[in-house]
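Asks: Input: one structure, supplied below.
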Amino acid sequence: MSRGRIVWISGPVLRAATEGPFRLRESIRVGDAGLLGEVIRLQEGEIVAQVYEDTTGLRPAMAVEGSGALLSILLGPHLLGGIFDGLLRPLARAEGAPPRHIAPGAAAPVELQLRFTPSVSPGDTLAAAAEFGRLVPADPAAAQRAASGMRLARVWIARVPPDCAGEVVAIAGPGEYALDAPLLTLRDAGGALREIAASHRWPVRTPRPVLARLPSDEPLVTGQRILDSLFPVALGGKGAIPGGFGTGKTILLEALAKGCSADVIVYLGCGERGNELAGVLEEFPQLEDPRSGRPLMERTVVIANTSNMPVAAREASIYSAVTVAEYFRDQGLHVALMADSTSRWAEALREVSGRFGELPGEGGYPNYLSSRLADFYERAAKVTTLAGETGSVTLLGSISPPSGDFSEPVTSHTKRYVRSFWALDAKRAQARFYPAVNPLQSYSEDSLDCALWWARVYAETTTARARAASGGNEWLELRRRVLTLLDEQARLERMARIIGKDALPARQRLTLANAELLNEAFLRQSAFSETDRYCGPERQASMLRLLARHIERAERALADGATPEAIAALPLLRRLARMGEEIDEHDPATMRAGFAQLEAQLEAAFDGLTEPLSPAAVPPGQSGGSEEPTAG
């Protein structure tokens, strides 16, 4: 074991004179308490390291001990339903026990008994990630939760770690074992023996190997209409959520964690305020998973690293989270990682870099900010695992640009590596519009990849008449029409601020009315409503198709002589604006009947608008056509 002595220390950064060989990224223990750290730089006879715990009380001449291994975390079946700090040490306490902080340098062992059933015999040859048994919690209640978790029952498969393979020398018999108890002994190609338990350690900065990366042709369904229908993120894709203070980044990420279609949720609070994370930790255990009826926490891993925790641990927490996500991906599961926020992580990089004495780059951030962001986001993928199964990791990171400036370094560099960009708008948030996603600043490069998936959804929810009328991909066409309408609304609102809304031609006033209805009925979604907080693909398709039908009939009625004011006065518009609240999707048959009834009422209402446009309803010098205001 290599050793050293501290010669200089500043905050989380120290220098130590070495008495043996160290290697880059090696984990170390510092001082009498054994604080966890990592070697960052090697010099002749000296190392530079960062410490992931509070360094108060450290002084020169204190001992530094190397572990000989890279900074690693413990991965295993104990993670699901757990709450951990940035170094993946459990934060949850036994029921009834008083709250307490993790002691400095503590390893915080996990006490978990598992019932093991072997599936191999001595003499068998196992490849990397091969199954060698099944694991069930020894606690009957925990075993029942595991068995009822849909696909999550597969999480309890005991597998060989990805960096190990060989001949089975010994295998434990059926029985109950601790999480770290050896269950399997392998002899590798070099003749060395290796003991394998239900859990194993993996370096956080090293991506876990896969058999192949796959193109993704289906979206991660979030349940938020503006995201799924206009700016989808692919399964195994990358998304960014930038927004200024108070625009709802944390609320949106929490909503995605509660409602998205992933099998496992990894929620990372990276440098956020403690009261926000306290709300997450209080609410998540009480939520019910709509797919299984079990508590949502049973398929969630929460990593809490608040702003008052050591800044270097904040930098490590994001790698711990993505390593946990890759572990569940290797079990053949689809994982969604919500990182809130990557700006706080970048600020930790900036602070530690300054203590290293490195020359600052743009905005004071280190020059390697871009490459670190690329390392993180490129670990998102849909893959074929070493075991031959399909799994994915979808990364969604929020960004907190100062003053909402999207040209600042973290946002501008992140845009280079993500394919879905959900820009939150302060003006929408101030108007209590949720989610406050600005549709004119957001984009999705995954939309074309997800088009066939959405086409199948629309084909399953449409009639033969509508299918024949649409001709092509109905979702792409409706999405194009919606974005065009919203862009036209922005242009007309700028014009209306100059000449007044009443001076616009009738067709342009109708465009504004249609855009306002689209915003209220489809893009606005209440996070406090039991019915409207989540909207599935079928209900989204029915709502968007119904709104498109309304716009089509309104334009036809205008051409037949109706006024925009008469169309806006239709009692039906109130029902259209509230259909997300009034038509739920718990019973698909009832939902389809509700939309069919609403469509019939829409057709009947417009059939009644047959009166010609009266001269009194037309302002002087203006007709009901589509002429534009002219200058001069």
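Going by the structure tokens order, chains are called A, B, ..., each with residues numbered from 1, while ligands are numbered from 1 in the order shown.
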Near segment 41-45 of chain A, counting only C-alpha atoms, which residues have an atom at most 12 Å away, once you skip same-chain residues fewer than 3 positions from it, shown as number ranges by chain?

Replies: A: 2-5, 7, 13-26, 38, 48-50, 353, 356, 358

Asks: Write down as a VMD selection string the residues of segment 68-299 of chain A whose backbone DSSP state falls under helix (DSSP H, G or I).

Replies: chain A and resid 140 to 147 150 to 156 225 to 230 249 to 259 274 to 286 296 to 299

Asks: Keeping only N, CA and C atoms, write the selected residues to a file as a compact mmCIF listing (two decimals), in the first residue's frame.

Replies:
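Once everything was written out, this is result-v4.txt:
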# COMPACT_ATOMS: atom_id res chain seq x y z
N PRO A 140 -39.70 -11.41 3.95
CA PRO A 140 -40.87 -11.77 3.11
C PRO A 140 -41.54 -10.56 2.48
N ALA A 141 -41.65 -9.45 3.21
CA ALA A 141 -42.29 -8.25 2.63
C ALA A 141 -41.48 -7.71 1.47
N ALA A 142 -40.14 -7.68 1.63
CA ALA A 142 -39.28 -7.20 0.54
C ALA A 142 -39.34 -8.15 -0.64
N ALA A 143 -39.43 -9.44 -0.39
CA ALA A 143 -39.53 -10.41 -1.49
C ALA A 143 -40.82 -10.22 -2.27
N GLN A 144 -41.92 -9.93 -1.55
CA GLN A 144 -43.18 -9.70 -2.25
C GLN A 144 -43.10 -8.45 -3.11
N ARG A 145 -42.44 -7.40 -2.60
CA ARG A 145 -42.29 -6.17 -3.39
C ARG A 145 -41.47 -6.44 -4.65
N ALA A 146 -40.43 -7.24 -4.52
CA ALA A 146 -39.58 -7.54 -5.68
C ALA A 146 -40.35 -8.33 -6.73
N ALA A 147 -41.16 -9.28 -6.28
CA ALA A 147 -41.89 -10.12 -7.23
C ALA A 147 -43.00 -9.36 -7.93
N MET A 150 -43.17 -5.92 -11.77
CA MET A 150 -43.15 -6.05 -13.22
C MET A 150 -41.78 -6.53 -13.69
N ARG A 151 -41.15 -5.78 -14.57
CA ARG A 151 -39.85 -6.20 -15.10
C ARG A 151 -38.76 -6.16 -14.03
N LEU A 152 -39.02 -5.47 -12.93
CA LEU A 152 -37.98 -5.32 -11.92
C LEU A 152 -37.67 -6.63 -11.22
N ALA A 153 -38.49 -7.65 -11.39
CA ALA A 153 -38.13 -8.95 -10.82
C ALA A 153 -36.81 -9.44 -11.39
N ARG A 154 -36.44 -8.96 -12.59
CA ARG A 154 -35.19 -9.39 -13.21
C ARG A 154 -33.97 -8.73 -12.58
N VAL A 155 -34.19 -7.70 -11.79
CA VAL A 155 -33.06 -7.03 -11.15
C VAL A 155 -32.34 -7.96 -10.20
N TRP A 156 -33.04 -8.96 -9.69
CA TRP A 156 -32.47 -9.83 -8.67
C TRP A 156 -31.71 -11.00 -9.26
N ARG A 225 -47.40 16.61 -22.34
CA ARG A 225 -47.84 16.69 -23.74
C ARG A 225 -46.88 17.50 -24.60
N ILE A 226 -46.42 18.64 -24.09
CA ILE A 226 -45.56 19.48 -24.91
C ILE A 226 -44.24 18.78 -25.22
N LEU A 227 -43.78 17.91 -24.33
CA LEU A 227 -42.52 17.20 -24.56
C LEU A 227 -42.73 16.00 -25.47
N ASP A 228 -43.69 15.16 -25.17
CA ASP A 228 -43.89 13.94 -25.95
C ASP A 228 -44.33 14.23 -27.37
N SER A 229 -45.27 15.14 -27.53
CA SER A 229 -45.86 15.37 -28.85
C SER A 229 -45.07 16.34 -29.71
N LEU A 230 -44.32 17.24 -29.10
CA LEU A 230 -43.60 18.23 -29.89
C LEU A 230 -42.08 18.04 -29.85
N LYS A 249 -37.63 24.12 -13.12
CA LYS A 249 -36.78 22.99 -13.55
C LYS A 249 -36.94 21.78 -12.62
N THR A 250 -36.85 22.04 -11.33
CA THR A 250 -36.94 20.93 -10.37
C THR A 250 -38.32 20.30 -10.40
N ILE A 251 -39.37 21.11 -10.48
CA ILE A 251 -40.74 20.58 -10.53
C ILE A 251 -40.93 19.72 -11.77
N LEU A 252 -40.39 20.17 -12.91
CA LEU A 252 -40.52 19.40 -14.14
C LEU A 252 -39.77 18.08 -14.04
N LEU A 253 -38.55 18.10 -13.50
CA LEU A 253 -37.80 16.86 -13.35
C LEU A 253 -38.51 15.89 -12.40
N GLU A 254 -39.09 16.41 -11.34
CA GLU A 254 -39.83 15.54 -10.43
C GLU A 254 -41.05 14.94 -11.12
N ALA A 255 -41.72 15.73 -11.96
CA ALA A 255 -42.87 15.20 -12.70
C ALA A 255 -42.43 14.11 -13.67
N LEU A 256 -41.28 14.30 -14.32
CA LEU A 256 -40.77 13.28 -15.23
C LEU A 256 -40.41 12.01 -14.47
N ALA A 257 -39.81 12.18 -13.29
CA ALA A 257 -39.45 11.01 -12.49
C ALA A 257 -40.69 10.24 -12.06
N LYS A 258 -41.77 10.94 -11.77
CA LYS A 258 -42.99 10.27 -11.31
C LYS A 258 -43.73 9.58 -12.46
N GLY A 259 -43.66 10.13 -13.67
CA GLY A 259 -44.54 9.63 -14.72
C GLY A 259 -43.90 9.02 -15.93
N GLY A 274 -31.34 22.32 0.10
CA GLY A 274 -31.75 21.20 0.95
C GLY A 274 -33.25 21.07 1.08
N ASN A 275 -33.99 22.20 1.10
CA ASN A 275 -35.43 22.11 1.26
C ASN A 275 -36.09 21.47 0.04
N GLU A 276 -35.52 21.67 -1.15
CA GLU A 276 -36.08 21.04 -2.34
C GLU A 276 -35.90 19.52 -2.28
N LEU A 277 -34.69 19.09 -1.91
CA LEU A 277 -34.46 17.65 -1.80
C LEU A 277 -35.26 17.05 -0.65
N ALA A 278 -35.47 17.82 0.40
CA ALA A 278 -36.29 17.32 1.50
C ALA A 278 -37.71 17.04 1.02
N GLY A 279 -38.21 17.90 0.12
CA GLY A 279 -39.53 17.66 -0.46
C GLY A 279 -39.57 16.39 -1.29
N VAL A 280 -38.50 16.15 -2.06
CA VAL A 280 -38.42 14.92 -2.86
C VAL A 280 -38.41 13.70 -1.95
N LEU A 281 -37.58 13.73 -0.90
CA LEU A 281 -37.46 12.58 -0.01
C LEU A 281 -38.74 12.35 0.78
N GLU A 282 -39.51 13.42 1.01
CA GLU A 282 -40.77 13.28 1.72
C GLU A 282 -41.87 12.75 0.82
N GLU A 283 -41.88 13.17 -0.45
CA GLU A 283 -42.99 12.87 -1.34
C GLU A 283 -42.84 11.53 -2.05
N PHE A 284 -41.64 11.19 -2.51
CA PHE A 284 -41.46 10.00 -3.33
C PHE A 284 -41.92 8.72 -2.63
N PRO A 285 -41.60 8.49 -1.36
CA PRO A 285 -42.07 7.24 -0.73
C PRO A 285 -43.58 7.13 -0.62
N GLN A 286 -44.30 8.26 -0.77
CA GLN A 286 -45.75 8.23 -0.64
C GLN A 286 -46.46 8.07 -1.98
N LEU A 296 -43.88 4.11 -5.64
CA LEU A 296 -42.95 4.47 -6.71
C LEU A 296 -41.51 4.35 -6.26
N MET A 297 -41.25 4.52 -4.98
CA MET A 297 -39.89 4.48 -4.46
C MET A 297 -39.24 3.13 -4.69
N GLU A 298 -40.02 2.08 -4.88
CA GLU A 298 -39.46 0.73 -5.03
C GLU A 298 -38.70 0.58 -6.34
N ARG A 299 -38.91 1.47 -7.30
CA ARG A 299 -38.13 1.42 -8.53
C ARG A 299 -37.33 2.72 -8.73

Asks: I want to know what sits within 7 Å of segment 519-529 of chain A, based on only C-alpha atoms, with residues of the same chain fewer than 3 positions away left out; could you give that as a VMD selection string?

Replies: chain A and resid 225 to 226 433 to 435 515 to 516 532 to 533 576 to 580

Asks: Would you mind exporting the chosen residues as a CSV table (one decimal), in the first residue's frame, restricted to all heavy atoms?

Replies:
chain,number,residue,atom,x,y,z
A,225,ARG,N,-47.4,16.6,-22.3
A,225,ARG,CA,-47.8,16.7,-23.7
A,225,ARG,C,-46.9,17.5,-24.6
A,225,ARG,O,-46.6,17.1,-25.7
A,225,ARG,CB,-49.2,17.3,-23.8
A,225,ARG,CG,-50.3,16.4,-23.3
A,225,ARG,CD,-51.7,17.0,-23.5
A,225,ARG,NE,-52.0,18.1,-22.7
A,225,ARG,CZ,-52.6,18.1,-21.5
A,225,ARG,NH1,-53.0,16.9,-21.0
A,225,ARG,NH2,-52.8,19.2,-20.8
A,226,ILE,N,-46.4,18.6,-24.1
A,226,ILE,CA,-45.6,19.5,-24.9
A,226,ILE,C,-44.2,18.8,-25.2
A,226,ILE,O,-43.6,19.0,-26.3
A,226,ILE,CB,-45.3,20.8,-24.2
A,226,ILE,CG1,-44.6,21.8,-25.2
A,226,ILE,CG2,-44.5,20.7,-22.9
A,226,ILE,CD1,-44.5,23.2,-24.7
A,433,PHE,N,-47.8,29.4,-16.2
A,433,PHE,CA,-48.0,28.5,-17.3
A,433,PHE,C,-47.1,27.3,-17.1
A,433,PHE,O,-45.9,27.4,-17.1
A,433,PHE,CB,-47.7,29.1,-18.7
A,433,PHE,CG,-48.2,28.3,-19.8
A,433,PHE,CD1,-49.4,28.7,-20.5
A,433,PHE,CD2,-47.5,27.2,-20.3
A,433,PHE,CE1,-49.8,27.9,-21.6
A,433,PHE,CE2,-47.9,26.5,-21.4
A,433,PHE,CZ,-49.1,26.8,-22.0
A,434,TYR,N,-47.6,26.1,-16.9
A,434,TYR,CA,-46.8,24.9,-16.6
A,434,TYR,C,-47.1,23.8,-17.6
A,434,TYR,O,-48.3,23.6,-17.9
A,434,TYR,CB,-47.1,24.4,-15.2
A,434,TYR,CG,-46.3,23.2,-14.8
A,434,TYR,CD1,-45.0,23.2,-14.4
A,434,TYR,CD2,-46.9,21.9,-15.0
A,434,TYR,CE1,-44.3,22.1,-14.1
A,434,TYR,CE2,-46.2,20.8,-14.8
A,434,TYR,CZ,-44.9,20.8,-14.3
A,434,TYR,OH,-44.1,19.7,-14.1
A,435,PRO,N,-46.1,23.1,-18.1
A,435,PRO,CA,-44.7,23.4,-17.9
A,435,PRO,C,-44.3,24.6,-18.8
A,435,PRO,O,-44.9,24.8,-19.9
A,435,PRO,CB,-44.0,22.1,-18.5
A,435,PRO,CG,-45.0,21.3,-19.1
A,435,PRO,CD,-46.4,21.9,-18.8
A,515,ALA,N,-54.5,29.7,-31.5
A,515,ALA,CA,-53.2,29.4,-30.8
A,515,ALA,C,-53.4,29.5,-29.3
A,515,ALA,O,-52.8,28.7,-28.5
A,515,ALA,CB,-52.2,30.5,-31.3
A,516,GLU,N,-54.3,30.4,-28.9
A,516,GLU,CA,-54.6,30.5,-27.4
A,516,GLU,C,-55.3,29.3,-26.9
A,516,GLU,O,-54.9,28.8,-25.9
A,516,GLU,CB,-55.4,31.8,-27.2
A,516,GLU,CG,-55.7,32.0,-25.7
A,516,GLU,CD,-56.5,33.2,-25.5
A,516,GLU,OE1,-56.8,34.0,-26.4
A,516,GLU,OE2,-56.9,33.5,-24.3
A,532,ASP,N,-54.8,15.4,-14.9
A,532,ASP,CA,-54.0,16.1,-15.9
A,532,ASP,C,-52.5,16.0,-15.7
A,532,ASP,O,-51.8,16.4,-16.6
A,532,ASP,CB,-54.5,17.5,-16.0
A,532,ASP,CG,-54.1,18.2,-17.3
A,532,ASP,OD1,-54.1,17.4,-18.4
A,532,ASP,OD2,-53.8,19.4,-17.4
A,533,ARG,N,-52.1,15.6,-14.5
A,533,ARG,CA,-50.6,15.6,-14.3
A,533,ARG,C,-49.9,14.6,-15.2
A,533,ARG,O,-48.7,14.8,-15.5
A,533,ARG,CB,-50.3,15.3,-12.8
A,533,ARG,CG,-50.7,13.9,-12.4
A,533,ARG,CD,-50.1,13.6,-11.0
A,533,ARG,NE,-50.6,14.5,-10.0
A,533,ARG,CZ,-50.4,14.4,-8.7
A,533,ARG,NH1,-49.7,13.4,-8.3
A,533,ARG,NH2,-50.9,15.3,-7.9
A,576,LEU,N,-63.3,22.1,-24.7
A,576,LEU,CA,-62.1,21.8,-25.3
A,576,LEU,C,-60.9,22.2,-24.5
A,576,LEU,O,-59.9,21.5,-24.4
A,576,LEU,CB,-62.0,22.4,-26.7
A,576,LEU,CG,-62.8,21.8,-27.8
A,576,LEU,CD1,-62.7,22.7,-29.1
A,576,LEU,CD2,-62.4,20.4,-28.1
A,577,ALA,N,-61.0,23.4,-23.9
A,577,ALA,CA,-59.9,23.9,-23.0
A,577,ALA,C,-59.7,23.0,-21.8
A,577,ALA,O,-58.6,23.0,-21.3
A,577,ALA,CB,-60.1,25.3,-22.7
A,578,ARG,N,-60.7,22.4,-21.3
A,578,ARG,CA,-60.6,21.6,-20.1
A,578,ARG,C,-60.7,20.1,-20.3
A,578,ARG,O,-60.9,19.3,-19.4
A,578,ARG,CB,-61.8,22.0,-19.1
A,578,ARG,CG,-61.6,23.4,-18.6
A,578,ARG,CD,-62.7,23.7,-17.6
A,578,ARG,NE,-62.8,22.7,-16.5
A,578,ARG,CZ,-62.0,22.7,-15.4
A,578,ARG,NH1,-61.1,23.7,-15.3
A,578,ARG,NH2,-62.1,21.8,-14.5
A,579,MET,N,-60.5,19.6,-21.6
A,579,MET,CA,-60.6,18.2,-21.8
A,579,MET,C,-59.5,17.4,-21.1
A,579,MET,O,-59.7,16.2,-20.8
A,579,MET,CB,-60.7,17.9,-23.3
A,579,MET,CG,-59.5,18.3,-24.1
A,579,MET,SD,-59.7,18.0,-25.8
A,579,MET,CE,-58.3,18.8,-26.5
A,580,GLY,N,-58.4,18.0,-20.9
A,580,GLY,CA,-57.3,17.3,-20.2
A,580,GLY,C,-57.6,17.0,-18.8
A,580,GLY,O,-57.2,16.0,-18.2

Asks: Restricting the calculation to only C-alpha atoms, which member of A:Ser370, A:Asp502, A:Ala429, A:Gly239 is positioned closest to Glu445 of chain A?

Replies: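 Smallest distance to Glu445 of chain A is found for A:Gly239.
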
Asks: Using only C-alpha atoms for the distances, tell me which of A:Thr390, A:Ser27, A:Asn305, A:Thr590 is nearest to Ser216 of chain A.

Replies: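 Using only C-alpha atoms, Ser216 of chain A sits closest to A:Thr390.
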
Asks: Might you pull out every residue within 10 Å of Ala165 of chain A, with only C-alpha atoms counted and same-chain residues fewer than 4 positions away left off, and present them as a list in words?

Replies: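 Final neighbour list, sorted by chain and number: Thr125, Leu126, Ala127, Ala128, Ala129, Ala130, Val160, Pro161, Leu186, Arg187, Asp188, Ala189 and Arg194 of chain A.
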
Asks: What is the atom CA of Thr247 of chain A-atom CA of Ala423 of chain A distance in Å, reported with one decimal?

Replies: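 A separation of 9.8 Å between them.
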